[in-house]
>>> print(open('data.cif').read())   # mmCIF, C-alpha atoms
data_target
loop_
_atom_site.label_atom_id
_atom_site.label_comp_id
_atom_site.auth_asym_id
_atom_site.auth_seq_id
_atom_site.Cartn_x
_atom_site.Cartn_y
_atom_site.Cartn_z
CA MET A 1 121.78 61.07 147.39
CA MET A 2 121.16 60.11 143.78
CA GLU A 3 120.24 56.58 144.87
CA GLN A 4 117.71 57.94 147.37
CA ALA A 5 116.08 60.24 144.81
CA LEU A 6 115.99 57.44 142.23
CA GLY A 7 114.63 55.02 144.85
CA ARG A 8 111.75 57.38 145.68
CA CYS A 9 111.01 57.82 141.97
CA VAL A 10 111.19 54.09 141.17
CA ALA A 11 108.84 53.21 144.04
CA THR A 12 106.06 55.23 142.35
CA TRP A 13 105.92 53.12 139.18
CA CYS A 14 107.82 49.87 139.71
CA GLU A 15 105.69 47.64 141.92
CA GLY A 16 107.71 45.65 144.44
CA ALA A 17 110.89 47.70 144.03
CA THR A 18 112.64 48.17 147.35
CA GLY A 19 115.40 50.58 146.36
CA VAL A 20 118.19 51.53 143.98
CA ILE A 21 121.87 50.47 144.07
CA ASN A 22 125.02 50.88 141.97
CA ALA A 23 124.11 54.37 140.70
CA ALA A 24 127.03 55.58 138.59
CA ARG A 25 127.30 58.50 136.23
CA LEU A 26 128.37 57.34 132.79
CA SER A 27 128.92 60.42 130.70
CA GLY A 28 127.56 63.68 129.48
CA GLY A 29 128.18 67.37 129.77
CA ALA A 30 126.79 69.88 132.24
CA SER A 31 123.34 70.05 130.65
CA GLN A 32 122.75 66.35 130.07
CA GLU A 33 123.66 63.32 132.17
CA THR A 34 123.48 59.57 131.78
CA TRP A 35 123.35 57.35 134.88
CA SER A 36 123.39 53.59 135.22
CA PHE A 37 121.73 51.93 138.22
CA ASP A 38 120.03 48.75 139.41
CA ILE A 39 116.49 48.56 140.74
CA VAL A 40 116.37 46.15 143.67
CA HIS A 41 113.41 43.88 143.14
CA PRO A 42 112.36 40.58 144.78
CA GLY A 43 111.95 39.10 141.30
CA GLY A 44 115.57 39.93 140.43
CA ASN A 45 117.38 43.23 140.06
CA ILE A 46 116.53 45.33 136.99
CA GLY A 47 119.32 47.16 135.15
CA ALA A 48 118.28 50.70 134.25
CA ILE A 49 119.60 53.88 132.66
CA LEU A 50 118.59 57.43 133.50
CA ARG A 51 118.99 60.08 130.83
CA ARG A 52 118.24 63.53 132.16
CA ALA A 53 118.83 67.24 132.19
CA PRO A 54 119.34 68.00 135.90
CA PRO A 55 117.02 70.48 137.62
CA GLY A 56 117.85 73.95 136.34
CA TYR A 57 118.88 72.75 132.89
CA GLY A 58 115.51 72.75 131.19
CA ALA A 59 116.33 74.21 127.80
CA ALA A 60 117.79 71.87 125.20
CA PRO A 61 120.08 73.20 122.45
CA SER A 62 118.07 74.45 119.47
CA ARG A 63 118.85 71.41 117.31
CA ALA A 64 117.93 68.86 119.96
CA ALA A 65 114.57 67.16 119.81
CA GLY A 66 114.34 67.32 123.62
CA LEU A 67 114.32 64.50 126.17
CA ASP A 68 110.54 64.12 126.14
CA ALA A 69 110.59 63.63 122.37
CA GLU A 70 113.48 61.17 122.73
CA ALA A 71 111.47 59.07 125.17
CA ILE A 72 108.50 58.94 122.82
CA LEU A 73 110.72 58.07 119.83
CA MET A 74 112.41 55.24 121.71
CA GLN A 75 109.08 53.86 122.81
CA ARG A 76 107.65 54.05 119.26
CA ALA A 77 110.79 52.37 117.90
CA TYR A 78 110.54 49.63 120.53
CA ASP A 79 106.86 49.06 119.76
CA ALA A 80 107.65 48.78 116.03
CA GLY A 81 110.32 46.13 116.63
CA VAL A 82 113.34 48.40 116.08
CA PRO A 83 116.09 47.33 118.53
CA SER A 84 115.62 49.88 121.28
CA PRO A 85 115.70 50.03 125.08
CA ARG A 86 112.26 49.88 126.67
CA VAL A 87 111.27 53.20 128.25
CA LEU A 88 110.29 52.53 131.88
CA HIS A 89 109.36 55.99 133.11
CA VAL A 90 109.28 59.60 131.97
CA LEU A 91 110.40 61.93 134.77
CA GLN A 92 107.66 63.96 136.45
CA PRO A 93 108.11 67.23 138.39
CA GLN A 94 107.42 65.45 141.69
CA ASP A 95 110.38 63.09 141.01
CA GLU A 96 112.66 66.13 141.56
CA LEU A 97 115.21 64.64 139.19
CA GLY A 98 114.96 67.22 136.41
CA THR A 99 113.61 66.32 132.97
CA GLY A 100 114.32 63.09 131.14
CA PHE A 101 113.44 59.43 131.31
CA ILE A 102 114.45 56.03 132.66
CA MET A 103 114.96 53.07 130.33
CA ALA A 104 115.92 49.42 130.62
CA ARG A 105 119.67 48.83 130.37
CA VAL A 106 120.72 46.87 127.29
CA GLU A 107 123.95 44.86 127.65
CA GLY A 108 126.50 45.16 124.84
CA GLU A 109 129.29 47.27 123.41
CA THR A 110 129.35 50.78 121.93
CA ILE A 111 133.12 51.31 121.58
CA PRO A 112 133.93 51.18 117.83
CA ARG A 113 137.44 49.77 118.10
CA LYS A 114 136.19 46.83 120.17
CA ILE A 115 133.28 46.18 117.81
CA LEU A 116 135.64 46.28 114.81
CA ARG A 117 138.54 44.28 116.28
CA ASP A 118 137.53 42.02 119.19
CA ALA A 119 136.97 38.31 118.61
CA GLU A 120 133.72 38.54 120.57
CA PHE A 121 132.12 40.45 117.68
CA ALA A 122 133.57 38.37 114.83
CA SER A 123 130.17 36.78 114.27
CA ALA A 124 128.40 40.16 114.23
CA ARG A 125 130.68 42.04 111.81
CA PRO A 126 129.68 40.24 108.58
CA ILE A 127 125.95 40.73 109.25
CA LEU A 128 125.95 44.28 110.63
CA ALA A 129 125.71 46.29 107.40
CA ARG A 130 122.68 44.38 106.18
CA GLN A 131 121.10 44.41 109.62
CA ILE A 132 121.60 48.16 109.89
CA GLY A 133 119.78 48.57 106.58
CA LYS A 134 116.83 46.75 108.07
CA VAL A 135 116.96 48.79 111.29
CA LEU A 136 117.03 52.07 109.36
CA ALA A 137 114.11 50.91 107.21
CA GLY A 138 112.22 50.26 110.46
CA ILE A 139 112.99 53.76 111.76
CA HIS A 140 112.02 55.41 108.48
CA GLY A 141 108.82 53.40 108.39
CA LEU A 142 107.50 54.65 111.75
CA ASP A 143 104.05 56.17 111.42
CA PRO A 144 104.48 59.97 111.20
CA ALA A 145 101.12 60.47 112.93
CA GLN A 146 102.49 58.83 116.08
CA LEU A 147 105.66 60.90 116.34
CA PRO A 148 106.28 63.82 118.67
CA GLU A 149 106.72 67.31 117.26
CA LEU A 150 110.05 67.43 115.39
CA ARG A 151 111.96 69.88 113.23
CA ARG A 152 111.45 69.52 109.49
CA MET A 153 114.83 69.66 107.77
CA THR A 154 115.96 69.84 104.17
CA ALA A 155 119.45 69.67 102.67
CA ALA A 156 119.28 73.39 101.87
CA LYS A 157 118.47 74.24 105.50
CA GLU A 158 121.28 72.05 106.77
CA ILE A 159 123.80 73.63 104.37
CA ASP A 160 122.71 77.07 105.63
CA GLU A 161 123.23 76.00 109.24
CA PHE A 162 126.66 74.51 108.54
CA GLU A 163 127.72 77.61 106.68
CA ARG A 164 126.57 79.83 109.54
CA ASP A 165 128.47 77.71 112.07
CA TYR A 166 131.58 77.62 109.90
CA ARG A 167 131.56 81.40 109.34
CA SER A 168 131.13 81.96 113.09
CA PHE A 169 134.52 80.29 113.71
CA ASP A 170 136.15 83.00 111.57
CA TRP A 171 139.00 80.74 110.42
CA PRO A 172 139.50 80.25 106.67
CA ARG A 173 139.27 76.66 105.43
CA PRO A 174 139.40 76.49 101.64
CA VAL A 175 138.47 72.77 101.65
CA PHE A 176 135.29 73.48 103.63
CA GLU A 177 134.45 76.29 101.18
CA LEU A 178 134.86 73.82 98.34
CA ALA A 179 132.55 71.36 100.09
CA LEU A 180 129.90 74.03 100.80
CA ARG A 181 130.00 75.05 97.17
CA TRP A 182 129.75 71.42 96.00
CA LEU A 183 126.80 70.78 98.30
CA ARG A 184 124.91 73.82 97.00
CA ASP A 185 125.63 72.81 93.41
CA HIS A 186 124.57 69.19 93.98
CA ASP A 187 121.62 69.63 96.34
CA PRO A 188 119.09 67.13 94.95
CA GLY A 189 116.20 69.23 96.31
CA PRO A 190 113.59 68.27 98.89
CA SER A 191 113.08 64.54 99.21
CA GLY A 192 109.98 63.10 97.56
CA GLU A 193 109.35 61.20 100.76
CA VAL A 194 109.70 62.78 104.18
CA THR A 195 110.20 60.41 107.12
CA LEU A 196 111.58 60.30 110.62
CA VAL A 197 115.39 60.66 110.42
CA HIS A 198 117.42 59.46 113.41
CA GLY A 199 120.02 62.12 112.72
CA ASP A 200 123.00 60.57 114.52
CA PHE A 201 122.98 56.90 113.51
CA ARG A 202 126.63 55.80 113.89
CA HIS A 203 129.14 54.03 116.12
CA GLY A 204 128.81 55.11 119.72
CA ASN A 205 125.04 55.34 119.43
CA LEU A 206 124.53 51.64 118.67
CA ILE A 207 124.72 48.88 121.26
CA ILE A 208 126.21 45.84 119.55
CA GLY A 209 126.38 42.25 120.78
CA PRO A 210 127.75 39.08 119.16
CA ASP A 211 124.29 38.77 117.60
CA GLY A 212 124.38 42.25 116.03
CA VAL A 213 122.50 45.48 116.79
CA ARG A 214 120.74 45.35 120.16
CA ALA A 215 119.72 48.98 120.59
CA VAL A 216 119.70 52.32 118.83
CA LEU A 217 120.46 55.15 121.24
CA ASP A 218 120.64 58.92 121.32
CA TRP A 219 117.70 60.27 119.37
CA GLU A 220 118.69 63.80 120.33
CA LEU A 221 119.09 64.94 116.71
CA ALA A 222 115.99 63.22 115.34
CA HIS A 223 114.01 65.25 112.82
CA LEU A 224 111.78 64.88 109.79
CA GLY A 225 113.51 64.89 106.43
CA ASP A 226 115.18 62.85 103.70
CA PRO A 227 115.56 59.23 104.89
CA MET A 228 118.75 58.91 102.77
CA GLU A 229 120.45 61.23 105.29
CA ASP A 230 120.81 58.39 107.81
CA LEU A 231 122.29 56.06 105.15
CA GLY A 232 124.83 58.70 104.14
CA TRP A 233 125.84 59.51 107.73
CA ILE A 234 126.66 55.88 108.62
CA CYS A 235 128.98 55.82 105.55
CA VAL A 236 131.07 58.85 106.61
CA ASN A 237 134.73 57.83 106.78
CA SER A 238 135.09 59.17 110.32
CA TRP A 239 132.94 56.22 111.53
CA ARG A 240 135.07 53.58 109.82
CA PHE A 241 137.83 53.81 112.44
CA GLY A 242 140.62 52.84 110.06
CA GLU A 243 138.68 50.22 108.07
CA ILE A 244 138.37 52.67 105.20
CA ASP A 245 137.47 50.10 102.54
CA LYS A 246 134.34 49.10 104.45
CA PRO A 247 132.17 52.19 104.10
CA VAL A 248 129.38 51.16 106.46
CA GLY A 249 130.81 51.75 109.94
CA GLY A 250 134.04 49.95 109.03
CA PHE A 251 132.28 46.59 108.90
CA GLY A 252 130.40 46.32 105.62
CA THR A 253 129.62 47.45 102.09
CA ARG A 254 127.06 49.91 100.78
CA GLU A 255 125.56 47.05 98.74
CA GLU A 256 124.84 45.07 101.92
CA LEU A 257 123.37 48.14 103.62
CA PHE A 258 121.16 48.90 100.61
CA ALA A 259 120.09 45.25 100.28
CA GLY A 260 119.01 45.13 103.92
CA TYR A 261 117.10 48.38 103.51
CA GLU A 262 115.33 47.28 100.33
CA ALA A 263 114.56 43.79 101.67
CA ALA A 264 112.47 45.60 104.28
CA GLY A 265 110.38 47.13 101.51
CA ARG A 266 111.99 50.55 101.12
CA ARG A 267 113.85 52.15 98.21
CA VAL A 268 117.42 53.46 98.19
CA ASP A 269 118.56 56.45 96.14
CA PRO A 270 122.35 55.94 95.93
CA ASP A 271 123.00 59.46 94.56
CA ARG A 272 121.25 61.00 97.53
CA VAL A 273 123.19 58.72 99.88
CA LYS A 274 126.45 59.94 98.33
CA PHE A 275 125.30 63.55 98.67
CA TRP A 276 124.54 63.01 102.37
CA GLU A 277 127.91 61.31 102.87
CA VAL A 278 129.65 64.48 101.65
CA MET A 279 127.31 66.54 103.84
CA GLY A 280 128.04 64.29 106.82
CA THR A 281 131.80 64.52 106.33
CA LEU A 282 131.59 68.32 106.37
CA ARG A 283 129.18 68.14 109.31
CA TRP A 284 131.68 66.19 111.44
CA GLY A 285 134.45 68.58 110.38
CA ILE A 286 132.40 71.55 111.55
CA MET A 287 131.52 69.73 114.77
CA CYS A 288 135.27 69.26 115.40
CA CYS A 289 135.80 73.01 114.92
CA GLY A 290 132.94 73.58 117.37
CA MET A 291 134.79 71.44 119.93
CA MET A 292 137.81 73.68 119.54
CA GLN A 293 135.53 76.69 120.13
CA ARG A 294 134.10 75.14 123.29
CA PHE A 295 137.59 74.28 124.51
CA ARG A 296 138.55 77.94 124.24
CA LEU A 297 135.37 79.41 125.68
CA SER A 298 134.39 76.98 128.42
CA PRO A 299 136.00 77.00 131.86
CA GLU A 300 136.52 73.21 131.75
CA HIS A 301 139.43 73.74 129.35
CA SER A 302 139.18 70.14 128.20
CA ILE A 303 142.26 68.70 126.50
CA GLU A 304 139.98 66.14 124.81
CA ARG A 305 137.95 68.85 123.12
CA ALA A 306 141.13 70.68 122.15
CA MET A 307 142.45 67.56 120.43
CA ILE A 308 139.13 66.87 118.69
CA GLY A 309 139.54 70.37 117.25
CA ARG A 310 142.68 69.15 115.54
CA ARG A 311 140.76 66.32 113.91
CA SER A 312 138.90 68.61 111.52
CA SER A 313 141.76 68.12 109.05
CA GLU A 314 140.78 64.43 108.88
CA THR A 315 137.50 65.48 107.34
CA GLU A 316 139.36 67.76 104.92
CA ILE A 317 141.33 64.86 103.48
CA ASP A 318 138.13 62.80 103.32
CA LEU A 319 136.32 65.62 101.53
CA LEU A 320 139.15 65.85 99.00
CA ARG A 321 139.01 62.07 98.50
CA LEU A 322 135.30 62.44 97.74
CA LEU A 323 135.35 65.64 95.66
CA ALA A 324 138.82 65.78 94.08
CA PRO A 325 140.18 62.22 94.02
CA ARG A 326 143.74 61.93 92.77
CA GLU A 327 144.61 59.59 89.95
CA ARG A 328 146.06 56.31 91.10
CA GLY A 329 149.13 54.95 89.45
CA MET B 1 168.98 83.96 121.27
CA GLN B 2 167.55 81.47 123.73
CA ASP B 3 169.75 78.66 124.98
CA GLU B 4 169.46 74.95 124.45
CA PRO B 5 167.70 72.55 124.82
CA THR B 6 165.10 73.59 122.26
CA PRO B 7 161.35 73.60 122.97
CA LYS B 8 161.07 70.53 120.75
CA GLU B 9 163.61 68.62 122.81
CA LEU B 10 161.98 69.67 126.08
CA ILE B 11 158.48 68.69 125.02
CA LYS B 12 159.67 65.38 123.65
CA ALA B 13 161.43 64.64 126.95
CA VAL B 14 158.26 65.40 128.93
CA ALA B 15 156.12 63.30 126.58
CA ASP B 16 158.53 60.35 126.85
CA PHE B 17 158.56 60.59 130.65
CA LEU B 18 154.74 60.60 130.82
CA ARG B 19 154.48 57.76 128.29
CA ASN B 20 157.13 55.47 129.76
CA ASP B 21 157.04 56.16 133.50
CA ILE B 22 153.67 57.65 134.41
CA ALA B 23 151.14 56.07 132.04
CA PRO B 24 151.64 52.54 133.46
CA LEU B 25 150.74 53.84 136.95
CA ILE B 26 147.42 55.49 136.01
CA SER B 27 144.05 53.87 135.36
CA GLY B 28 140.46 54.76 134.51
CA HIS B 29 139.37 58.05 133.00
CA ASN B 30 142.60 59.74 134.01
CA ALA B 31 144.57 57.18 131.99
CA PHE B 32 142.49 58.15 128.98
CA LYS B 33 143.10 61.85 129.60
CA LEU B 34 146.80 61.19 130.05
CA ARG B 35 146.90 59.40 126.70
CA VAL B 36 145.16 62.36 125.05
CA SER B 37 147.64 64.70 126.73
CA ILE B 38 150.62 62.72 125.47
CA ASN B 39 149.08 62.77 121.98
CA ALA B 40 148.84 66.56 122.27
CA LEU B 41 152.52 66.86 123.19
CA ASP B 42 153.46 64.59 120.28
CA LEU B 43 151.39 66.77 117.96
CA VAL B 44 153.20 69.89 119.17
CA THR B 45 156.55 68.17 118.59
CA ARG B 46 155.55 67.35 115.01
CA GLN B 47 154.31 70.88 114.43
CA LEU B 48 157.56 72.41 115.69
CA GLU B 49 159.42 70.06 113.37
CA LEU B 50 157.34 70.54 110.22
CA GLU B 51 155.49 73.85 110.38
CA GLU B 52 158.19 76.15 109.09
CA GLY B 53 158.80 74.16 105.93
CA SER B 54 155.14 73.56 105.12
CA ASP B 55 154.15 77.18 105.83
CA THR B 56 156.85 78.50 103.50
CA ALA B 57 155.77 76.18 100.71
CA GLU B 58 152.06 76.95 101.28
CA LEU B 59 152.71 80.70 101.14
CA ALA B 60 154.59 80.33 97.86
CA ARG B 61 151.77 78.26 96.34
CA LEU B 62 149.11 80.71 97.50
CA SER B 63 150.99 83.73 96.09
CA GLN B 64 151.34 81.94 92.77
CA LEU B 65 147.71 80.78 92.72
CA LEU B 66 146.22 84.15 93.67
CA GLY B 67 148.77 86.48 92.07
CA GLN B 68 148.94 88.36 95.39
CA GLN B 69 151.34 88.90 98.27
CA GLY B 70 150.30 88.71 101.90
CA SER B 71 150.43 86.69 105.09
CA LEU B 72 149.31 83.06 105.21
CA GLY B 73 146.13 84.11 107.01
CA GLU B 74 145.32 86.84 104.50
CA LEU B 75 145.95 84.67 101.46
CA ASN B 76 143.97 81.75 102.90
CA ARG B 77 141.06 84.10 103.50
CA MET B 78 141.34 85.37 99.94
CA LEU B 79 141.36 81.83 98.55
CA ALA B 80 138.39 80.88 100.73
CA ASP B 81 136.45 83.91 99.43
CA ARG B 82 137.26 83.09 95.82
CA ILE B 83 136.05 79.50 96.22
CA ALA B 84 132.90 80.71 97.99
CA SER B 85 132.12 83.17 95.18
CA GLY B 86 132.80 80.57 92.49
CA GLU B 87 135.69 82.60 91.10
CA ALA B 88 138.00 79.66 91.82
CA ASP B 89 137.09 75.98 91.59
CA LEU B 90 138.62 72.58 90.92
CA GLN B 91 139.13 73.58 87.26
CA THR B 92 141.39 76.46 88.35
CA PRO B 93 144.96 75.39 87.44
CA GLY B 94 146.91 74.39 90.54
CA LEU B 95 143.99 74.64 92.97
CA ALA B 96 143.37 70.93 93.54
CA GLU B 97 147.12 70.26 93.89
CA HIS B 98 147.41 73.12 96.37
CA LEU B 99 144.51 71.90 98.52
CA TRP B 100 145.87 68.35 98.48
CA GLN B 101 149.40 69.38 99.48
CA THR B 102 148.14 71.75 102.20
CA THR B 103 145.85 69.07 103.61
CA MET B 104 148.57 66.40 103.52
CA ASP B 105 150.85 68.79 105.42
CA LYS B 106 148.13 69.33 108.05
CA LEU B 107 147.61 65.59 108.51
CA ALA B 108 151.36 65.02 108.86
CA VAL B 109 151.09 67.09 112.04
CA ASP B 110 147.54 66.40 113.25
CA GLN B 111 147.07 62.70 112.61
CA PRO B 112 149.83 60.86 110.70
CA ASN B 113 148.16 57.55 111.56
CA TYR B 114 144.84 58.47 109.95
CA ALA B 115 144.06 55.70 107.46
CA SER B 116 143.05 58.02 104.59
CA TYR B 117 146.33 59.91 104.98
CA LYS B 118 148.42 56.76 104.98
CA ARG B 119 146.58 55.54 101.88
CA GLU B 120 147.21 58.83 100.05
CA LEU B 121 150.86 58.92 101.13
CA GLY B 122 151.31 55.54 99.49
CA SER B 123 149.70 56.64 96.24
CA LYS B 124 151.04 58.71 93.38
CA GLY B 125 151.79 62.38 93.86
CA ALA B 126 152.29 62.38 97.62
#
>>> encode(input="data.cif", output="structure tokens")
Amino acid sequence: MMEQALGRCVATWCEGATGVINAARLSGGASQETWSFDIVHPGGNIGAILRRAPPGYGAAPSRAAGLDAEAILMQRAYDAGVPSPRVLHVLQPQDELGTGFIMARVEGETIPRKILRDAEFASARPILARQIGKVLAGIHGLDPAQLPELRRMTAAKEIDEFERDYRSFDWPRPVFELALRWLRDHDPGPSGEVTLVHGDFRHGNLIIGPDGVRAVLDWELAHLGDPMEDLGWICVNSWRFGEIDKPVGGFGTREELFAGYEAAGRRVDPDRVKFWEVMGTLRWGIMCCGMMQRFRLSPEHSIERAMIGRRSSETEIDLLRLLAPRERG
Amino acid sequence: MQDEPTPKELIKAVADFLRNDIAPLISGHNAFKLRVSINALDLVTRQLELEEGSDTAELARLSQLLGQQGSLGELNRMLADRIASGEADLQTPGLAEHLWQTTMDKLAVDQPNYASYKRELGSKGA
């Protein structure tokens, strides 16, 4: 059924296409789905990905940029030379597939443990941190006039949102209180420069090949704000997957990241990056607590979500390592 | 008094059965979910083993730190409020040590393989 609907849709914009095969759902919750499929074409089959909210799931969560905005962002990124899948089609009402878009499938790996351990990526690991600096500089350099409508965020607004979420869980966490307090006391104020911020630039949202970054995915949390936010988020310990002495995604140093960013003509503010790393650590901790909430409230009763709930303590130890490091001896 | 075997022994037996006999037979997404489920049972086993001791010690530290008596939940709430209001901070004697010990005790149950935890266990004061 999905292949028929996709086939009808593809025929309207992909000249010569004769149908769709290998449609398989990859992931996603009830409100958002990702499908992989192949467009049958006399010139050779074309690998494609559908990202959509099915019919009936129009409204995105308040923090999400929305699928239409995501499609525009990916296209702008692609046009500017940022590694990104090419957007092939934005869904129209007559496609009867819901809202969303179809993009070219990019081959590569997103699973962190494979990227950090497998021999296949040994050539990529030493260059990734610097390359990511360049990619982020490209994202932050996108022309604001060409962007879709996005939320404008500041550190103060984000702290307010985290605090509201945390209080809604009604479960005391003295370490989170300490972090909230630290963030308020160290908020560097609105950024002098406001740019596009990807908002979720980390393992899982990057397609990596032996040659390095091939695509940046999942622009759902994109917004306008302090570009240093993205640099801080990729340094959060939760994305190092055990390689805790390599702050950038478990594969590189901050110095390499910063060098790649500055080589592309942009400036790094290391204090702001550190601030956003603390913010990001708390953010992931609160997201883990949110998973626990959803486990309790949703009928799916997912054991995976329940266990992610018990990972919030990981961010507590990381927050203490950042804010109250113990003396070594 | 309930009879033996204890909940800890029962859960450990179930986890071992799933790990050794069932996991090799399952593939795909269900294999992943089975692994997560076994991890959950292992977590419960660790909690049953460690919780009583760490809760007792945490309660004693909190009473000392706050100069109050109460349940673990009440005292944790009180500490959270004091940190939020600025009445207590990292300069407060005993606070940093308390947060460290409490967090280490949580990780011992939640995620003893977490790299930050293993690093801190190996360093002074653990």
>>> resolve_selection(input="data.cif", expression="the PyMOL selection byres ((chain A and resi 98-108) around 6)", output="VMD selection string")
chain A and resid 47 to 55 67 85 to 91 96 to 97 109 207 to 209
>>> interface_residues(input="data.cif", of="chain A", to="chain B", cutoff="12 Å", atoms="all atoms listed in the file", output="number ranges by chain")
A: 26-27, 163, 166-167, 170-185, 237-245, 250, 302-329
>>> write_last_selection(input="data.cif", atoms="C-alpha atoms", output="compact mmCIF listing (two decimals), in the frame of the given file")
# COMPACT_ATOMS: atom_id res chain seq x y z
CA LEU A 26 128.37 57.34 132.79
CA SER A 27 128.92 60.42 130.70
CA GLU A 163 127.72 77.61 106.68
CA TYR A 166 131.58 77.62 109.90
CA ARG A 167 131.56 81.40 109.34
CA ASP A 170 136.15 83.00 111.57
CA TRP A 171 139.00 80.74 110.42
CA PRO A 172 139.50 80.25 106.67
CA ARG A 173 139.27 76.66 105.43
CA PRO A 174 139.40 76.49 101.64
CA VAL A 175 138.47 72.77 101.65
CA PHE A 176 135.29 73.48 103.63
CA GLU A 177 134.45 76.29 101.18
CA LEU A 178 134.86 73.82 98.34
CA ALA A 179 132.55 71.36 100.09
CA LEU A 180 129.90 74.03 100.80
CA ARG A 181 130.00 75.05 97.17
CA TRP A 182 129.75 71.42 96.00
CA LEU A 183 126.80 70.78 98.30
CA ARG A 184 124.91 73.82 97.00
CA ASP A 185 125.63 72.81 93.41
CA ASN A 237 134.73 57.83 106.78
CA SER A 238 135.09 59.17 110.32
CA TRP A 239 132.94 56.22 111.53
CA ARG A 240 135.07 53.58 109.82
CA PHE A 241 137.83 53.81 112.44
CA GLY A 242 140.62 52.84 110.06
CA GLU A 243 138.68 50.22 108.07
CA ILE A 244 138.37 52.67 105.20
CA ASP A 245 137.47 50.10 102.54
CA GLY A 250 134.04 49.95 109.03
CA SER A 302 139.18 70.14 128.20
CA ILE A 303 142.26 68.70 126.50
CA GLU A 304 139.98 66.14 124.81
CA ARG A 305 137.95 68.85 123.12
CA ALA A 306 141.13 70.68 122.15
CA MET A 307 142.45 67.56 120.43
CA ILE A 308 139.13 66.87 118.69
CA GLY A 309 139.54 70.37 117.25
CA ARG A 310 142.68 69.15 115.54
CA ARG A 311 140.76 66.32 113.91
CA SER A 312 138.90 68.61 111.52
CA SER A 313 141.76 68.12 109.05
CA GLU A 314 140.78 64.43 108.88
CA THR A 315 137.50 65.48 107.34
CA GLU A 316 139.36 67.76 104.92
CA ILE A 317 141.33 64.86 103.48
CA ASP A 318 138.13 62.80 103.32
CA LEU A 319 136.32 65.62 101.53
CA LEU A 320 139.15 65.85 99.00
CA ARG A 321 139.01 62.07 98.50
CA LEU A 322 135.30 62.44 97.74
CA LEU A 323 135.35 65.64 95.66
CA ALA A 324 138.82 65.78 94.08
CA PRO A 325 140.18 62.22 94.02
CA ARG A 326 143.74 61.93 92.77
CA GLU A 327 144.61 59.59 89.95
CA ARG A 328 146.06 56.31 91.10
CA GLY A 329 149.13 54.95 89.45
>>> atom_distance(input="data.cif", atom1="CA of Gly141 in chain A", atom2="CA of Pro126 in chain A")
24.7 Å
>>> closest_residue(input="data.cif", among="A:Gly260, A:Pro247, A:Gly290, A:Pro188", to="Lys134 in chain A", atoms="all atoms listed in the file")
A:Gly260
>>> resolve_selection(input="data.cif", expression="the PyMOL selection byres ((chain B and resi 58) around 10)", output="list in words")
Glu52, Gly53, Ser54, Asp55, Thr56, Ala57, Leu59, Ala60, Arg61, Leu62, Ser63, Gln64, Leu72, Leu75, Asn76, His98, Leu99, Gln101, Thr102 and Asp105 of chain B
>>> atom_distance(input="data.cif", atom1="CA of Leu196 in chain A", atom2="CA of Leu142 in chain A")
7.1 Å
>>> atom_distance(input="data.cif", atom1="CA of Ile46 in chain A", atom2="CA of Cys9 in chain A")
14.5 Å
>>> resolve_selection(input="data.cif", expression="the PyMOL selection byres ((chain A and resi 251) around 12)", output="PyMOL selection string")
chain A and resi 112-117+121-132+202-203+212+234-235+237+239-250+252-254+256-257
>>> write_last_selection(input="data.cif", atoms="C-alpha atoms", output="compact mmCIF listing (two decimals), in the frame of the given file")
# COMPACT_ATOMS: atom_id res chain seq x y z
CA PRO A 112 133.93 51.18 117.83
CA ARG A 113 137.44 49.77 118.10
CA LYS A 114 136.19 46.83 120.17
CA ILE A 115 133.28 46.18 117.81
CA LEU A 116 135.64 46.28 114.81
CA ARG A 117 138.54 44.28 116.28
CA PHE A 121 132.12 40.45 117.68
CA ALA A 122 133.57 38.37 114.83
CA SER A 123 130.17 36.78 114.27
CA ALA A 124 128.40 40.16 114.23
CA ARG A 125 130.68 42.04 111.81
CA PRO A 126 129.68 40.24 108.58
CA ILE A 127 125.95 40.73 109.25
CA LEU A 128 125.95 44.28 110.63
CA ALA A 129 125.71 46.29 107.40
CA ARG A 130 122.68 44.38 106.18
CA GLN A 131 121.10 44.41 109.62
CA ILE A 132 121.60 48.16 109.89
CA ARG A 202 126.63 55.80 113.89
CA HIS A 203 129.14 54.03 116.12
CA GLY A 212 124.38 42.25 116.03
CA ILE A 234 126.66 55.88 108.62
CA CYS A 235 128.98 55.82 105.55
CA ASN A 237 134.73 57.83 106.78
CA TRP A 239 132.94 56.22 111.53
CA ARG A 240 135.07 53.58 109.82
CA PHE A 241 137.83 53.81 112.44
CA GLY A 242 140.62 52.84 110.06
CA GLU A 243 138.68 50.22 108.07
CA ILE A 244 138.37 52.67 105.20
CA ASP A 245 137.47 50.10 102.54
CA LYS A 246 134.34 49.10 104.45
CA PRO A 247 132.17 52.19 104.10
CA VAL A 248 129.38 51.16 106.46
CA GLY A 249 130.81 51.75 109.94
CA GLY A 250 134.04 49.95 109.03
CA GLY A 252 130.40 46.32 105.62
CA THR A 253 129.62 47.45 102.09
CA ARG A 254 127.06 49.91 100.78
CA GLU A 256 124.84 45.07 101.92
CA LEU A 257 123.37 48.14 103.62
>>> residues_around(input="data.cif", residues="Lys12 in chain B", least_positions_apart="3", cutoff="9 Å", atoms="only C-alpha atoms", output="ChimeraX atom specification")
/B:7-9,15-17,41-42,45
>>> write_last_selection(input="data.cif", atoms="C-alpha atoms", output="JSON list (two decimals), in the frame of the given file")
[["chain", "number", "residue", "atom", "x", "y", "z"],
["B", 7, "PRO", "CA", 161.35, 73.60, 122.97],
["B", 8, "LYS", "CA", 161.07, 70.53, 120.75],
["B", 9, "GLU", "CA", 163.61, 68.62, 122.81],
["B", 15, "ALA", "CA", 156.12, 63.30, 126.58],
["B", 16, "ASP", "CA", 158.53, 60.35, 126.85],
["B", 17, "PHE", "CA", 158.56, 60.59, 130.65],
["B", 41, "LEU", "CA", 152.52, 66.86, 123.19],
["B", 42, "ASP", "CA", 153.46, 64.59, 120.28],
["B", 45, "THR", "CA", 156.55, 68.17, 118.59]]
